[in-house]
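**Q** Pasting a structure below so you can have a look.
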Amino acid sequence: MKKIMLVMMLGMSVTSFSIFDKIKSEIKWKEEEQPRFGEVKVIIKGEPKMRKVIPGKYEIRIYELNYPESLFEKNKFYNEFNQVLKNVDKNKKYSLLLEKRFYDDMKKIEESQLSDEENLLEIPASSLDENQRQELISMSSKLNLTQYLGTDQEFLNRQVYILNQLLNKDGFDENNVYSELDKEFLVSELKEKRKNIVENFRKSNFEYFIKESYKNIDFNKFEDDSIYTFDKDIVISENIEDQAILPEIKENIYLTDFPKDILNKLATNKLKLKRQILLIENNEYQGYTYNEENTVIFINGKKPKYYYGDYKINVIKRKTDVLNLLRLSSNYYVSDFFK
């Protein structure tokens, strides 16, 4: 009996020591883990220099641009944004927060050189259906037509009027009989302007993030990005952490309205979402953490959350008008620290 007790005690001791060693090794690993930050490019007296990220406080500003709703306000936004893109100091760093509507419009313009609303202006007047005619009337509500009412000519003239407004052209005559060829020249000019904006945007040194509400995300278990492959077997997971967040968007995502339970799991490293970098606006946390290769950046919260306690890196959101960007900048991109 004593031998049995002795063997059991020895076994328990070995188990205890192994658990203790495991805990000790994990603590040691945590202490020895090197910060993931690389060197940051800074501009000193007009010259680019690489600097090591050292312990301290860092503030990264991300500027939110208000994207309007109406066609003419959007046109003003495009013109001002293009002005900024052409005149911005190339040595300044900008991280921009863009509404998903803006992102969708830019993608549409990139594909067809016109936004969805503007595509209505290219349709032959004789091919417009009743809904499209009503939309044109709404878009040209300031136009007081007295001739050609109810005919194709009325709506062709409305299209020409709107195009002139978008191109800041004078000389529109509401009594004139405009042709589809007249309209075609204007459409071509507008397409060239839109193409120029997209090209300037794509080649700019702006870093941008797409803003979307968590409430608008539809997790689709059967998206390719949601499928894990193990050897030759394909496993489709039912867990939310295995679902891809907006897989159709390759750029970085900034989410609002995140559920508190998921937020807390992310903050305590108990959950990993399929996004390499994810910015989350919330009321709880401020800072950043890592879940394996998944980087989560918390914005607007009250509780500090820094994966590396000596590196207090905060992303701060600032709202601004487009033209005001020329007077603003940040010392860092978000990607200077988080890749």
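Residue numbers start at 1 in each chain; chains themselves are named A, B, ... in the order of the structure tokens; ligands are numbered from 1 in the order shown.
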Show which residues sit within 10 Å of stretch 129-136 of chain A, as a PDB file with N, CA, C and O atoms, in the first residue's frame. Count only C-alpha atoms, and ignore same-chain residues fewer than 6 positions away.
**A**
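After the write, out.pdb holds the following:
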ATOM      1  N   GLU A 117     -25.459  56.581 -60.916  1.00  0.00           N
ATOM      2  CA  GLU A 117     -26.374  57.683 -61.247  1.00  0.00           C
ATOM      3  C   GLU A 117     -26.028  58.295 -62.598  1.00  0.00           C
ATOM      4  O   GLU A 117     -26.915  58.643 -63.383  1.00  0.00           O
ATOM      5  N   LEU A 120     -27.174  56.833 -66.064  1.00  0.00           N
ATOM      6  CA  LEU A 120     -28.499  57.217 -66.554  1.00  0.00           C
ATOM      7  C   LEU A 120     -28.402  58.285 -67.643  1.00  0.00           C
ATOM      8  O   LEU A 120     -29.262  58.361 -68.528  1.00  0.00           O
ATOM      9  N   LEU A 121     -27.352  59.081 -67.596  1.00  0.00           N
ATOM     10  CA  LEU A 121     -27.190  60.172 -68.556  1.00  0.00           C
ATOM     11  C   LEU A 121     -26.717  59.678 -69.919  1.00  0.00           C
ATOM     12  O   LEU A 121     -26.825  60.398 -70.920  1.00  0.00           O
ATOM     13  N   ILE A 123     -27.797  56.752 -71.347  1.00  0.00           N
ATOM     14  CA  ILE A 123     -28.850  55.977 -72.016  1.00  0.00           C
ATOM     15  C   ILE A 123     -29.561  56.851 -73.052  1.00  0.00           C
ATOM     16  O   ILE A 123     -29.915  58.003 -72.763  1.00  0.00           O
ATOM     17  N   GLY A 150     -43.050  65.800 -72.181  1.00  0.00           N
ATOM     18  CA  GLY A 150     -43.572  64.455 -72.409  1.00  0.00           C
ATOM     19  C   GLY A 150     -42.947  63.730 -73.577  1.00  0.00           C
ATOM     20  O   GLY A 150     -43.264  62.562 -73.822  1.00  0.00           O
ATOM     21  N   ASP A 152     -39.413  62.526 -76.030  1.00  0.00           N
ATOM     22  CA  ASP A 152     -38.018  62.109 -75.850  1.00  0.00           C
ATOM     23  C   ASP A 152     -37.091  63.319 -75.781  1.00  0.00           C
ATOM     24  O   ASP A 152     -36.082  63.301 -75.070  1.00  0.00           O
ATOM     25  N   GLU A 154     -37.638  66.195 -74.421  1.00  0.00           N
ATOM     26  CA  GLU A 154     -37.604  66.754 -73.063  1.00  0.00           C
ATOM     27  C   GLU A 154     -36.516  66.070 -72.234  1.00  0.00           C
ATOM     28  O   GLU A 154     -35.707  66.730 -71.563  1.00  0.00           O
ATOM     29  N   PHE A 155     -36.466  64.749 -72.301  1.00  0.00           N
ATOM     30  CA  PHE A 155     -35.544  64.012 -71.435  1.00  0.00           C
ATOM     31  C   PHE A 155     -34.113  64.031 -71.972  1.00  0.00           C
ATOM     32  O   PHE A 155     -33.155  63.970 -71.198  1.00  0.00           O
ATOM     33  N   LEU A 156     -33.978  64.175 -73.281  1.00  0.00           N
ATOM     34  CA  LEU A 156     -32.645  64.382 -73.836  1.00  0.00           C
ATOM     35  C   LEU A 156     -32.102  65.737 -73.371  1.00  0.00           C
ATOM     36  O   LEU A 156     -30.934  65.853 -72.972  1.00  0.00           O
ATOM     37  N   ARG A 158     -32.958  67.279 -70.675  1.00  0.00           N
ATOM     38  CA  ARG A 158     -32.658  67.156 -69.244  1.00  0.00           C
ATOM     39  C   ARG A 158     -31.291  66.490 -69.040  1.00  0.00           C
ATOM     40  O   ARG A 158     -30.507  66.896 -68.179  1.00  0.00           O
ATOM     41  N   GLN A 159     -31.001  65.468 -69.819  1.00  0.00           N
ATOM     42  CA  GLN A 159     -29.694  64.809 -69.722  1.00  0.00           C
ATOM     43  C   GLN A 159     -28.566  65.785 -70.050  1.00  0.00           C
ATOM     44  O   GLN A 159     -27.547  65.835 -69.347  1.00  0.00           O
ATOM     45  N   ILE A 162     -28.064  68.282 -67.155  1.00  0.00           N
ATOM     46  CA  ILE A 162     -27.353  67.699 -66.007  1.00  0.00           C
ATOM     47  C   ILE A 162     -25.865  67.554 -66.326  1.00  0.00           C
ATOM     48  O   ILE A 162     -25.005  67.858 -65.492  1.00  0.00           O
TER      49      ILE A 162
END
**Q** Step one, run DSSP on the backbone; step two, keep only residues of stretch 1-218 of chain A assigned to strand (DSSP E or B); then write them as number ranges by chain.
**A** A: 39-44, 47-52, 56-65, 93-99, 206-213
**Q** Considering only C-alpha atoms, return as a list in words whatever protein or nucleic-acid residues lie within 8 Å of A:Tyr214, sequence-local ones (same chain, fewer than 4 positions apart) excluded.
**A**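 Close residues of A:Tyr214: Leu255, Thr256, Asp257 and Phe258 of chain A.
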**Q** Residues near stretch 302-313 of chain A, anyone? I mean within 10 Å using only C-alpha atoms, not counting same-chain ones fewer than 6 positions away, as a PyMOL selection string.
**A** chain A and resi 30-31+33-37+53-60+267-269+282-291+334+337
**Q** By how many Å are atom CA of A:Asn294 and atom CA of A:Pro48 apart?
**A**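 Interatomic distance, atom CA of A:Asn294 to atom CA of A:Pro48: 29.5 Å.
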**Q** With distances taken over only C-alpha atoms, which residue among A:Met106, A:Ile277, A:Ile253, A:Val160 lies nearest A:Ile210?
**A** A:Ile253
**Q** If you run DSSP on the backbone, which residues of stretch 25-104 of chain A are alpha helix (DSSP H), as JSON, numbers by chain?
**A** {"A": [25, 26, 27, 28, 29, 30, 31, 32, 71, 72, 73, 74, 75, 76, 77, 78, 79, 80, 81, 82, 83, 84, 85, 86, 87, 100, 101, 102, 103, 104]}
**Q** Restricting the output to N, CA, C and O atoms, write the selected residues as a tab-separated table (two decimals), in the first residue's frame.
**A**
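Result file is part-v8.tsv:
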chain	number	residue	atom	x	y	z
A	25	SER	N	7.69	28.20	-19.17
A	25	SER	CA	8.20	28.37	-20.53
A	25	SER	C	7.33	29.33	-21.32
A	25	SER	O	7.82	30.11	-22.14
A	26	GLU	N	5.99	29.29	-21.08
A	26	GLU	CA	5.09	30.20	-21.78
A	26	GLU	C	5.34	31.64	-21.35
A	26	GLU	O	5.32	32.57	-22.16
A	27	ILE	N	5.57	31.83	-20.02
A	27	ILE	CA	5.87	33.17	-19.52
A	27	ILE	C	7.18	33.67	-20.12
A	27	ILE	O	7.29	34.81	-20.57
A	28	LYS	N	8.18	32.78	-20.16
A	28	LYS	CA	9.47	33.15	-20.72
A	28	LYS	C	9.34	33.49	-22.20
A	28	LYS	O	9.91	34.47	-22.69
A	29	TRP	N	8.52	32.69	-22.93
A	29	TRP	CA	8.30	32.96	-24.36
A	29	TRP	C	7.67	34.33	-24.56
A	29	TRP	O	8.05	35.10	-25.43
A	30	LYS	N	6.69	34.64	-23.69
A	30	LYS	CA	6.02	35.93	-23.79
A	30	LYS	C	6.99	37.07	-23.54
A	30	LYS	O	6.98	38.09	-24.22
A	31	GLU	N	7.87	36.87	-22.53
A	31	GLU	CA	8.83	37.92	-22.20
A	31	GLU	C	9.84	38.12	-23.32
A	31	GLU	O	10.30	39.22	-23.58
A	32	GLU	N	10.20	37.01	-23.98
A	32	GLU	CA	11.23	37.08	-25.00
A	32	GLU	C	10.69	37.44	-26.38
A	32	GLU	O	11.45	37.69	-27.30
A	71	LEU	N	-26.17	63.55	-56.36
A	71	LEU	CA	-25.28	63.52	-57.52
A	71	LEU	C	-24.41	64.77	-57.61
A	71	LEU	O	-23.20	64.67	-57.81
A	72	PHE	N	-25.01	65.94	-57.44
A	72	PHE	CA	-24.25	67.18	-57.60
A	72	PHE	C	-23.28	67.41	-56.44
A	72	PHE	O	-22.19	67.96	-56.64
A	73	GLU	N	-23.66	66.99	-55.24
A	73	GLU	CA	-22.74	67.08	-54.11
A	73	GLU	C	-21.58	66.10	-54.27
A	73	GLU	O	-20.44	66.40	-53.92
A	74	LYS	N	-21.87	64.94	-54.82
A	74	LYS	CA	-20.80	63.98	-55.12
A	74	LYS	C	-19.84	64.56	-56.16
A	74	LYS	O	-18.62	64.40	-56.06
A	75	ASN	N	-20.41	65.22	-57.15
A	75	ASN	CA	-19.58	65.83	-58.19
A	75	ASN	C	-18.63	66.87	-57.59
A	75	ASN	O	-17.44	66.93	-57.93
A	76	LYS	N	-19.15	67.66	-56.66
A	76	LYS	CA	-18.31	68.64	-55.96
A	76	LYS	C	-17.21	67.93	-55.16
A	76	LYS	O	-16.05	68.35	-55.16
A	77	PHE	N	-17.59	66.85	-54.49
A	77	PHE	CA	-16.63	66.06	-53.72
A	77	PHE	C	-15.53	65.53	-54.62
A	77	PHE	O	-14.34	65.61	-54.29
A	78	TYR	N	-15.90	64.96	-55.77
A	78	TYR	CA	-14.90	64.42	-56.71
A	78	TYR	C	-13.92	65.51	-57.16
A	78	TYR	O	-12.71	65.28	-57.21
A	79	ASN	N	-14.46	66.67	-57.49
A	79	ASN	CA	-13.61	67.76	-57.97
A	79	ASN	C	-12.63	68.22	-56.89
A	79	ASN	O	-11.44	68.45	-57.16
A	80	GLU	N	-13.13	68.34	-55.67
A	80	GLU	CA	-12.26	68.77	-54.57
A	80	GLU	C	-11.24	67.69	-54.21
A	80	GLU	O	-10.07	67.99	-53.93
A	81	PHE	N	-11.68	66.46	-54.23
A	81	PHE	CA	-10.77	65.35	-53.92
A	81	PHE	C	-9.66	65.26	-54.96
A	81	PHE	O	-8.49	65.04	-54.62
A	82	ASN	N	-10.02	65.45	-56.21
A	82	ASN	CA	-9.01	65.42	-57.27
A	82	ASN	C	-8.03	66.58	-57.12
A	82	ASN	O	-6.83	66.43	-57.39
A	83	GLN	N	-8.53	67.71	-56.68
A	83	GLN	CA	-7.67	68.87	-56.43
A	83	GLN	C	-6.65	68.54	-55.33
A	83	GLN	O	-5.46	68.89	-55.44
A	84	VAL	N	-7.10	67.86	-54.29
A	84	VAL	CA	-6.20	67.44	-53.21
A	84	VAL	C	-5.17	66.44	-53.74
A	84	VAL	O	-3.98	66.56	-53.46
A	85	LEU	N	-5.63	65.47	-54.51
A	85	LEU	CA	-4.73	64.44	-55.04
A	85	LEU	C	-3.62	65.05	-55.90
A	85	LEU	O	-2.48	64.58	-55.90
A	86	LYS	N	-3.96	66.11	-56.63
A	86	LYS	CA	-2.98	66.74	-57.51
A	86	LYS	C	-1.99	67.63	-56.76
A	86	LYS	O	-0.85	67.81	-57.19
A	87	ASN	N	-2.43	68.20	-55.63
A	87	ASN	CA	-1.62	69.22	-54.97
A	87	ASN	C	-1.04	68.80	-53.62
A	87	ASN	O	-0.32	69.58	-53.00
A	100	LYS	N	-18.07	52.91	-47.47
A	100	LYS	CA	-18.13	51.86	-48.48
A	100	LYS	C	-18.85	52.34	-49.74
A	100	LYS	O	-18.54	51.89	-50.84
A	101	ARG	N	-19.77	53.29	-49.59
A	101	ARG	CA	-20.45	53.85	-50.77
A	101	ARG	C	-19.44	54.51	-51.72
A	101	ARG	O	-19.55	54.38	-52.94
A	102	PHE	N	-18.49	55.21	-51.13
A	102	PHE	CA	-17.45	55.84	-51.95
A	102	PHE	C	-16.60	54.78	-52.64
A	102	PHE	O	-16.29	54.89	-53.84
A	103	TYR	N	-16.23	53.76	-51.88
A	103	TYR	CA	-15.45	52.66	-52.45
A	103	TYR	C	-16.21	52.00	-53.61
A	103	TYR	O	-15.63	51.74	-54.67
A	104	ASP	N	-17.50	51.76	-53.42
A	104	ASP	CA	-18.31	51.14	-54.47
A	104	ASP	C	-18.40	52.02	-55.71
A	104	ASP	O	-18.33	51.54	-56.85
**Q** Pick out the residues sitting within 12 Å of A:Asp182, and hand them over as a PyMOL selection string; count only C-alpha atoms, and ignore anything fewer than 4 positions along from it in its own chain.
**A** chain A and resi 122+124+156-157+159-161+163-164+172+176-178+186-189
**Q** Just to confirm, what's the straight-line distance from atom CA of A:Ser70 to atom CA of A:Glu118 in Å (one decimal)?
**A**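 Interatomic distance here is 11.3 Å.
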**Q** Just how far from atom CA of A:Asp336 is atom CA of A:Val40, in Å to one decimal?
**A**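 Separating atom CA of A:Val40 from atom CA of A:Asp336 is a distance of 5.7 Å.
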**Q** With distances taken over only C-alpha atoms, which residue among A:Gln147, A:Tyr208, A:Ser141, A:Val315 lies nearest A:Asp173?
**A**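 The shortest atom-to-atom distance to A:Asp173 comes from A:Gln147.
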**Q** With distances taken over only C-alpha atoms, which residue among A:Asn175, A:Ser112, A:Asn331, A:Asn300 lies nearest A:Asn144?
**A** A:Asn175
**Q** Let me make sure I understand: among A:Leu114, A:Leu166, A:Leu96, A:Glu174, which one has the smallest atom-to-atom distance to A:Leu143 if we use only C-alpha atoms?
**A** A:Glu174
**Q** With a distance cut-off of 7 Å and only C-alpha atoms, select the neighbouring residues of A:Leu65, excluding the residue or stretch itself and same-chain residues fewer than 3 positions from it, and output the selection as number ranges by chain.
**A** A: 97-98, 319-322
**Q** Could you turn the residues from that selection into a file that holds C-alpha atoms, as a tab-separated table (two decimals), in the first residue's frame?
**A**
chain	number	residue	atom	x	y	z
A	97	LEU	CA	-11.35	56.46	-43.77
A	98	LEU	CA	-13.79	56.13	-46.66
A	319	LYS	CA	-13.34	64.06	-39.30
A	320	THR	CA	-12.45	66.61	-41.95
A	321	ASP	CA	-13.61	68.24	-45.15
A	322	VAL	CA	-11.82	67.19	-48.31
**Q** A:Leu278: which residues within 7 Å, counting only C-alpha atoms, same-chain residues fewer than 6 positions away excluded, as a list of chain:residue names?
**A** A:Asn252, A:Ile253, A:Tyr254, A:Thr295, A:Val296, A:Ile297
